[in-house]
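**Q** Quick one, entry12.txt (compact mmCIF, C-alpha atoms and all ligand atoms):
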# COMPACT_ATOMS: atom_id res chain seq x y z
CA MET A 1 -28.93 -94.21 151.52
CA GLU A 2 -27.09 -91.31 153.19
CA ASN A 3 -25.96 -93.65 155.92
CA GLU A 4 -24.65 -96.16 153.41
CA LEU A 5 -22.75 -93.42 151.57
CA LEU A 6 -21.21 -92.19 154.79
CA LYS A 7 -20.15 -95.71 155.65
CA THR A 8 -18.45 -96.14 152.27
CA LYS A 9 -16.64 -92.79 152.65
CA LYS A 10 -15.56 -93.69 156.17
CA GLN A 11 -14.33 -97.03 154.95
CA GLU A 12 -12.34 -95.49 152.10
CA SER A 13 -10.39 -93.17 154.38
CA ILE A 14 -9.80 -95.94 156.87
CA ASN A 15 -8.47 -98.12 154.03
CA VAL A 16 -5.86 -95.55 153.08
CA LEU A 17 -4.76 -95.05 156.67
CA ALA A 18 -4.79 -98.73 157.57
CA GLY A 19 -2.94 -99.72 154.41
CA GLY A 20 -0.15 -97.22 155.06
CA ILE A 21 0.30 -98.12 158.70
CA ALA A 22 0.10 -101.84 158.08
CA HIS A 23 2.72 -101.64 155.36
CA ASP A 24 5.21 -99.78 157.57
CA PHE A 25 4.47 -101.98 160.54
CA ASN A 26 5.03 -105.08 158.52
CA ASN A 27 8.54 -103.94 157.62
CA ILE A 28 9.36 -102.92 161.18
CA LEU A 29 8.11 -106.23 162.56
CA PHE A 30 10.23 -108.08 160.05
CA ALA A 31 13.30 -106.50 161.63
CA VAL A 32 12.05 -107.07 165.19
CA ILE A 33 11.31 -110.76 164.64
CA GLY A 34 14.55 -111.35 162.77
CA ASN A 35 16.65 -109.83 165.55
CA LEU A 36 14.76 -111.66 168.28
CA SER A 37 15.40 -114.96 166.50
CA LEU A 38 19.11 -114.13 166.21
CA ALA A 39 19.32 -113.24 169.90
CA GLU A 40 17.54 -116.47 170.83
CA ARG A 41 20.12 -118.45 168.93
CA LEU A 42 23.06 -116.71 170.58
CA ILE A 43 22.15 -117.07 174.25
CA GLU A 44 22.97 -120.01 176.49
CA GLU A 45 20.22 -122.60 176.56
CA SER A 46 19.94 -122.36 180.33
CA SER A 47 19.63 -118.58 180.28
CA PRO A 48 16.37 -117.23 181.72
CA ILE A 49 16.46 -114.52 179.06
CA GLY A 50 15.38 -117.13 176.51
CA GLU A 51 11.89 -117.24 177.92
CA TYR A 52 11.47 -113.46 177.52
CA LEU A 53 12.82 -113.52 174.01
CA ARG A 54 10.43 -116.32 173.03
CA ALA A 55 7.48 -114.42 174.51
CA ALA A 56 8.55 -111.27 172.66
CA ARG A 57 8.85 -113.17 169.40
CA LYS A 58 5.45 -114.80 169.88
CA ALA A 59 3.82 -111.43 170.50
CA SER A 60 5.56 -109.96 167.45
CA LEU A 61 4.29 -112.82 165.31
CA ARG A 62 0.76 -112.02 166.46
CA ALA A 63 1.32 -108.39 165.54
CA LYS A 64 2.51 -109.52 162.12
CA GLU A 65 -0.61 -111.63 161.63
CA LEU A 66 -2.72 -108.62 162.50
CA THR A 67 -0.88 -106.35 160.07
CA LEU A 68 -1.41 -108.96 157.36
CA LYS A 69 -5.14 -108.92 158.13
CA LEU A 70 -5.05 -105.13 157.95
CA LEU A 71 -3.18 -105.14 154.66
CA ASN A 72 -5.70 -107.57 153.29
CA PHE A 73 -8.52 -105.33 154.48
CA ALA A 74 -7.00 -102.16 153.09
CA SER A 75 -5.96 -103.59 149.77
CA ASP A 76 -7.89 -101.64 147.22
CA ALA A 77 -7.70 -104.53 144.82
CA GLU A 78 -10.59 -104.36 142.42
CA PRO A 79 -12.29 -107.73 142.09
CA VAL A 80 -10.98 -109.82 139.20
CA LYS A 81 -14.28 -111.10 137.97
CA ALA A 82 -15.11 -114.23 136.08
CA THR A 83 -18.36 -116.13 135.68
CA GLU A 84 -18.41 -118.74 138.37
CA SER A 85 -20.61 -121.44 139.79
CA LEU A 86 -21.66 -120.09 143.15
CA PRO A 87 -22.89 -123.40 144.66
CA ALA A 88 -19.56 -125.19 144.22
CA LEU A 89 -17.61 -122.28 145.66
CA VAL A 90 -19.92 -121.82 148.65
CA ARG A 91 -19.87 -125.54 149.51
CA GLU A 92 -16.11 -125.62 149.24
CA ALA A 93 -15.58 -122.53 151.41
CA ALA A 94 -17.98 -123.74 154.12
CA GLY A 95 -16.40 -127.19 154.02
CA LEU A 96 -12.98 -125.65 154.54
CA VAL A 97 -14.03 -123.92 157.76
CA LEU A 98 -16.00 -126.85 159.17
CA ALA A 99 -13.63 -129.63 158.13
CA GLY A 100 -12.41 -130.38 161.64
CA SER A 101 -15.69 -129.72 163.43
CA ASN A 102 -18.13 -132.45 164.41
CA LYS A 103 -20.39 -130.17 166.45
CA ILE A 104 -21.63 -128.12 163.53
CA GLN A 105 -23.99 -129.33 160.82
CA CYS A 106 -24.18 -127.41 157.58
CA SER A 107 -27.06 -127.85 155.15
CA PHE A 108 -27.57 -126.34 151.74
CA GLU A 109 -30.73 -125.45 149.87
CA ILE A 110 -29.93 -124.33 146.37
CA SER A 111 -32.35 -123.50 143.56
CA GLU A 112 -31.75 -125.80 140.65
CA ASP A 113 -31.69 -123.08 138.04
CA LEU A 114 -29.56 -120.68 140.04
CA TRP A 115 -28.26 -117.78 137.93
CA VAL A 116 -24.53 -117.44 137.50
CA VAL A 117 -22.66 -114.55 139.04
CA SER A 118 -19.68 -112.62 137.79
CA MET A 119 -17.35 -112.50 140.74
CA ASP A 120 -13.86 -112.63 142.16
CA LYS A 121 -13.62 -116.24 143.29
CA GLU A 122 -11.00 -115.58 145.99
CA GLN A 123 -12.88 -112.65 147.45
CA ILE A 124 -16.31 -114.28 147.54
CA SER A 125 -14.74 -117.38 149.00
CA GLN A 126 -13.25 -115.18 151.75
CA VAL A 127 -16.73 -113.75 152.38
CA ILE A 128 -18.25 -117.21 152.90
CA VAL A 129 -15.32 -118.34 155.05
CA SER A 130 -15.70 -115.28 157.31
CA LEU A 131 -19.46 -115.70 157.69
CA VAL A 132 -19.21 -119.44 158.41
CA GLN A 133 -16.40 -118.80 160.91
CA ASN A 134 -18.56 -116.27 162.75
CA ALA A 135 -21.52 -118.66 162.70
CA GLU A 136 -19.36 -121.44 164.08
CA GLN A 137 -17.91 -119.22 166.79
CA SER A 138 -21.42 -118.12 167.83
CA MET A 139 -22.39 -121.74 168.53
CA SER A 140 -19.83 -122.88 171.05
CA ALA A 141 -22.07 -125.78 172.07
CA GLY A 142 -22.65 -126.80 168.46
CA GLY A 143 -25.66 -126.41 166.17
CA SER A 144 -26.68 -126.00 162.57
CA ILE A 145 -25.84 -123.59 159.82
CA SER A 146 -28.15 -123.45 156.85
CA ILE A 147 -27.23 -121.83 153.59
CA ARG A 148 -29.92 -120.98 151.05
CA MET A 149 -29.36 -119.68 147.56
CA VAL A 150 -32.17 -118.48 145.35
CA ASN A 151 -32.74 -116.26 142.33
CA LYS A 152 -34.30 -112.91 143.05
CA GLU A 153 -35.53 -110.36 140.58
CA LEU A 154 -35.66 -106.99 142.33
CA VAL A 155 -37.89 -104.11 141.34
CA GLU A 156 -37.10 -100.45 141.94
CA ASP A 157 -36.69 -99.57 145.63
CA GLN A 158 -37.26 -103.12 146.82
CA VAL A 159 -33.88 -103.30 148.53
CA VAL A 160 -32.27 -100.00 149.51
CA GLY A 161 -29.10 -99.33 147.53
CA LEU A 162 -29.67 -101.97 144.85
CA TYR A 163 -30.64 -101.33 141.25
CA PRO A 164 -33.60 -103.28 139.96
CA GLY A 165 -32.56 -106.45 138.17
CA LYS A 166 -31.50 -110.02 138.65
CA TYR A 167 -29.64 -111.11 141.77
CA VAL A 168 -28.64 -114.28 143.52
CA LYS A 169 -29.70 -114.09 147.14
CA ILE A 170 -27.65 -116.04 149.67
CA SER A 171 -28.96 -116.46 153.22
CA LEU A 172 -26.74 -117.90 155.89
CA THR A 173 -28.50 -118.76 159.14
CA ASP A 174 -27.03 -119.99 162.39
CA GLU A 175 -28.54 -121.01 165.72
CA GLY A 176 -25.97 -119.11 167.76
CA GLN A 177 -26.18 -116.53 170.51
CA GLY A 178 -27.39 -113.78 168.20
CA ILE A 179 -26.35 -110.13 168.17
CA ALA A 180 -27.44 -107.54 170.73
CA VAL A 181 -29.70 -104.85 169.24
CA GLN A 182 -27.24 -102.08 170.12
CA HIS A 183 -24.47 -103.90 168.24
CA LEU A 184 -26.37 -104.53 165.02
CA ASP A 185 -25.26 -101.33 163.25
CA LYS A 186 -21.65 -101.69 164.43
CA ILE A 187 -20.73 -105.20 163.32
CA PHE A 188 -19.53 -104.07 159.87
CA ASP A 189 -17.28 -101.37 161.36
CA PRO A 190 -13.57 -102.13 161.31
CA TYR A 191 -12.31 -103.23 164.72
CA PHE A 192 -15.73 -103.90 166.19
CA SER A 193 -15.56 -107.19 168.06
CA THR A 194 -17.23 -108.71 171.09
CA LYS A 195 -14.74 -111.58 171.14
CA GLU A 196 -11.73 -112.07 173.29
CA ARG A 197 -8.67 -111.18 171.26
CA SER A 198 -6.48 -114.05 170.23
CA SER A 199 -4.17 -114.64 167.32
CA ASN A 200 -6.89 -116.18 165.19
CA LYS A 201 -10.02 -114.32 166.20
CA GLY A 202 -11.30 -111.13 167.66
CA ALA A 203 -9.68 -108.51 165.45
CA GLY A 204 -13.09 -107.32 164.29
CA LEU A 205 -11.93 -106.96 160.70
CA ALA A 206 -13.64 -109.88 158.99
CA LEU A 207 -17.07 -108.30 158.51
CA ALA A 208 -15.55 -104.95 157.50
CA ILE A 209 -13.70 -106.80 154.73
CA VAL A 210 -16.86 -108.72 153.80
CA HIS A 211 -18.78 -105.45 153.53
CA SER A 212 -16.18 -103.87 151.28
CA ILE A 213 -15.94 -106.95 149.02
CA ILE A 214 -19.72 -107.12 148.57
CA ASN A 215 -19.83 -103.38 147.82
CA LYS A 216 -17.17 -103.79 145.16
CA HIS A 217 -19.33 -106.49 143.59
CA GLU A 218 -22.26 -104.03 143.50
CA GLY A 219 -24.13 -106.25 145.89
CA LYS A 220 -25.45 -105.81 149.37
CA ILE A 221 -25.21 -107.52 152.73
CA THR A 222 -27.69 -107.19 155.58
CA VAL A 223 -28.19 -108.91 158.89
CA GLU A 224 -31.14 -110.03 160.97
CA SER A 225 -30.65 -111.34 164.46
CA THR A 226 -32.50 -112.12 167.66
CA PRO A 227 -30.38 -112.24 170.80
CA GLY A 228 -30.44 -115.87 171.85
CA GLY A 229 -32.23 -116.88 168.67
CA GLY A 230 -29.59 -117.04 165.99
CA THR A 231 -28.47 -114.80 163.16
CA THR A 232 -29.10 -114.59 159.43
CA PHE A 233 -26.82 -112.78 157.01
CA ILE A 234 -28.41 -111.99 153.65
CA LEU A 235 -26.28 -111.30 150.61
CA TYR A 236 -27.30 -110.11 147.18
CA LEU A 237 -24.93 -110.53 144.25
CA PRO A 238 -25.84 -109.25 140.78
CA ALA A 239 -26.60 -112.15 138.45
CA GLN A 240 -25.50 -112.42 134.87
CA SER A 241 -28.55 -112.41 132.62
CA SER A 242 -30.40 -115.71 132.66
CA ASP A 243 -27.50 -118.08 132.08
CA ARG A 244 -27.73 -121.32 133.96
CA ALA A 245 -25.28 -122.31 136.63
CA ILE A 246 -23.02 -125.17 135.68
CA MET A 247 -23.79 -127.21 138.73
CA PRO A 248 -27.39 -127.81 139.69
CA GLY A 249 -27.78 -127.83 143.44
CA ALA A 250 -29.48 -130.34 145.67
CA SER A 251 -29.84 -130.45 149.40
CA ALA A 252 -26.91 -132.02 151.15
CA ILE A 253 -25.54 -132.41 154.61
CA LEU A 254 -21.96 -131.61 155.37
CA ALA A 255 -20.54 -133.14 158.52
N1 LIG A 301 -23.07 -115.18 163.30
C1 LIG A 301 -22.88 -114.33 164.32
N2 LIG A 301 -23.49 -114.53 165.51
C2 LIG A 301 -23.32 -113.68 166.54
N3 LIG A 301 -22.54 -112.57 166.49
C3 LIG A 301 -21.90 -112.31 165.33
C4 LIG A 301 -22.03 -113.17 164.19
N4 LIG A 301 -21.29 -112.66 163.20
C5 LIG A 301 -20.73 -111.55 163.69
N5 LIG A 301 -21.08 -111.33 164.97
C6 LIG A 301 -20.67 -110.18 165.81
O1 LIG A 301 -20.01 -109.23 165.00
C7 LIG A 301 -18.69 -108.97 165.49
C8 LIG A 301 -17.77 -108.64 164.34
O2 LIG A 301 -17.54 -109.78 163.53
P1 LIG A 301 -16.15 -109.89 162.74
O3 LIG A 301 -16.14 -111.20 162.04
O4 LIG A 301 -15.97 -108.66 161.93
O5 LIG A 301 -15.08 -109.84 163.90
P2 LIG A 301 -14.67 -110.97 164.93
O6 LIG A 301 -15.29 -112.27 164.55
O7 LIG A 301 -14.97 -110.44 166.30
O8 LIG A 301 -13.09 -111.03 164.73
P3 LIG A 301 -12.31 -111.55 163.40
O9 LIG A 301 -11.76 -110.32 162.76
O10 LIG A 301 -11.28 -112.43 163.93
O11 LIG A 301 -13.32 -112.24 162.54
C9 LIG A 301 -18.33 -110.19 166.31
O12 LIG A 301 -17.38 -109.92 167.31
C10 LIG A 301 -19.69 -110.58 166.91
O13 LIG A 301 -19.99 -109.79 168.04
MG MG A 302 -15.16 -113.06 162.65
Let's see the structure in the file written out as structure tokens.
**A**
Amino acid sequence: MENELLKTKKQESINVLAGGIAHDFNNILFAVIGNLSLAERLIEESSPIGEYLRAARKASLRAKELTLKLLNFASDAEPVKATESLPALVREAAGLVLAGSNKIQCSFEISEDLWVVSMDKEQISQVIVSLVQNAEQSMSAGGSISIRMVNKELVEDQVVGLYPGKYVKISLTDEGQGIAVQHLDKIFDPYFSTKERSSNKGAGLALAIVHSIINKHEGKITVESTPGGGTTFILYLPAQSSDRAIMPGASAILA
């Protein structure tokens, strides 16, 4: 519990810092990119300077992407909650990530009477997208992702940090490379990444954002992993009484 509290405190102060820096940087980069584009337009086409200007603009665009990720991470936006059908949203988010991939299979196992959850659709969708992206990236040779959603009634002290009551439990399992034991307690830290940095991955912010979104929903996320044997992320989201979900789930395969 103390550890969790410390993590939340750490995250809050990082949010303030990151938000401020990202905001200023975004404005500065706007000026840098604008001027580089102007310079590119003014030089002779044959000039060797063009190549340097293009490289500088490309790097600045990457910096801008990163500041946007940071801003997103630091935004203290409280979730705008509405009662939503979790199965539809999870299928859609996973489908979005895997749309172009023919190496990854994604299967769903959803309890028919799954409780509804009060949540911020955008934010929870971002959570699923981030987790599926990580799963996909951990299976470079291809493999399967399985997503399970069940109702779970928790009693006191059953899951550290969660009040007793009704929850929807989402488990997302991949067959990827797994996470080294010494990395397990770092993966939710901002900027922790074992990936090569590129413009679209390796910032190490995705799971930090996921952690903060789930916290704001009064839920919990945990991870279990065996190096070489795949990874499972487990999420708990508080359920709304015993209302029924709108869409009953059945098993399905997504290409
Ligand atoms: N499903 C997974 N399998 C194996 N390792 C994982 C998995 N999910 C996360 N990790 C580990 O946790 C780290 C942090 O993940 P996170 O999504 O926060 O950052 P990232 O994927 O490295 O970069 P990005 O910010 O672009 O997502 C990863 O670099 C990886 O080492
Ligand atoms: Mg990631």
**Q** Counting only C-alpha atoms and all ligand atoms, which residues of chain A fall within 9 Å of ligand LIG 301 (chain A), and what is the closest atom pair for each with its distance in Å at one decimal, ordered by chain and rising number, as a tab-separated table?
**A**
residue	atom	partner	partner_atom	distance
A:Lys69	CA	A:LIG301	O9	8.2
A:Ser130	CA	A:LIG301	O3	6.3
A:Leu131	CA	A:LIG301	N4	6.6
A:Val132	CA	A:LIG301	N1	7.5
A:Gln133	CA	A:LIG301	O11	7.4
A:Asn134	CA	A:LIG301	N4	4.5
A:Ala135	CA	A:LIG301	N1	3.9
A:Glu136	CA	A:LIG301	N1	7.3
A:Gln137	CA	A:LIG301	C1	7.4
A:Ser138	CA	A:LIG301	N2	4.7
A:Met139	CA	A:LIG301	N2	7.9
A:Leu172	CA	A:LIG301	N1	8.7
A:Thr173	CA	A:LIG301	N1	7.7
A:Asp174	CA	A:LIG301	N1	6.3
A:Glu175	CA	A:LIG301	N2	8.2
A:Gly176	CA	A:LIG301	N2	5.7
A:Gln177	CA	A:LIG301	C2	5.7
A:Gly178	CA	A:LIG301	C2	4.4
A:Ile179	CA	A:LIG301	N3	4.8
A:Ala180	CA	A:LIG301	N3	8.2
A:His183	CA	A:LIG301	O13	7.4
A:Leu184	CA	A:LIG301	O1	7.9
A:Lys186	CA	A:LIG301	O1	7.7
A:Ile187	CA	A:LIG301	O1	4.4
A:Phe188	CA	A:LIG301	O4	6.2
A:Asp189	CA	A:LIG301	O4	7.4
A:Pro190	CA	A:LIG301	O4	7.0
A:Tyr191	CA	A:LIG301	O4	7.1
A:Phe192	CA	A:LIG301	C8	5.5
A:Ser193	CA	A:LIG301	O12	3.4
A:Thr194	CA	A:LIG301	O12	4.0
A:Lys195	CA	A:LIG301	O12	4.9
A:Glu196	CA	A:LIG301	O7	7.9
A:Arg197	CA	A:LIG301	O10	7.9
A:Ser198	CA	A:LIG301	O10	8.1
A:Ser199	CA	A:LIG301	O10	8.2
A:Asn200	CA	A:LIG301	O10	5.9
A:Lys201	CA	A:LIG301	O10	3.2
A:Gly202	CA	A:LIG301	O8	3.4
A:Ala203	CA	A:LIG301	O9	3.9
A:Gly204	CA	A:LIG301	O5	3.2
A:Leu205	CA	A:LIG301	O9	3.9
A:Ala206	CA	A:LIG301	O4	3.9
A:Leu207	CA	A:LIG301	O4	3.6
A:Ala208	CA	A:LIG301	O4	5.8
A:Ile209	CA	A:LIG301	O4	7.8
A:Val210	CA	A:LIG301	O4	8.2
A:Val223	CA	A:LIG301	N4	9.0
A:Ser225	CA	A:LIG301	N2	7.9
A:Pro227	CA	A:LIG301	C2	8.4
A:Gly230	CA	A:LIG301	N2	6.6
A:Thr231	CA	A:LIG301	N1	5.4
A:Thr232	CA	A:LIG301	N1	7.2
A:Phe233	CA	A:LIG301	N1	7.7
**Q** Can you tell me how far CA of Thr83 in chain A sits from CA of Val117 in chain A, in Å to one decimal?
**A**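 Interatomic distance, CA of Thr83 in chain A to CA of Val117 in chain A: 5.7 Å.
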**Q** Please, what distance in Å, to one decimal, runs between CA of Val155 in chain A and CA of Glu12 in chain A?
**A**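 Going from CA of Val155 in chain A over to CA of Glu12 in chain A covers 29.0 Å.
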**Q** Could you check the closest approach to Cys106 in chain A for each of A:Glu92, A:Glu218, A:Glu65, A:Glu153 and tell me which residue wins, using only C-alpha atoms?
**A** A:Glu92
**Q** Could you check which of A:Ser146, A:Thr226, A:Asn27, A:Gln126 is closest to ligand MG 302 (chain A), using only C-alpha atoms and all ligand atoms?
**A**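 Using only C-alpha atoms and all ligand atoms, ligand MG 302 (chain A) sits closest to A:Gln126.
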**Q** Tell me which of A:Leu98, A:Leu29, A:Leu86, A:Leu68 sits closest to Glu112 in chain A, counting only C-alpha atoms.
**A**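 Of A:Leu98, A:Leu29, A:Leu86, A:Leu68, the one nearest Glu112 in chain A is A:Leu86, counting only C-alpha atoms.
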**Q** What is the CA of Val90 in chain A to CA of Phe73 in chain A distance in Å?
**A**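 Between these atoms lies a distance of 20.9 Å.
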**Q** Take every atom of range 130-134 of chain A listed in the file, pad by 8 Å on each side, and give me the axis-aligned box centre and edge lengths in Å, one decimal, as lines of an AutoDock Vina configuration file.
**A**
center_x = -17.6
center_y = -117.4
center_z = 160.0
size_x = 19.8
size_y = 20.2
size_z = 21.4
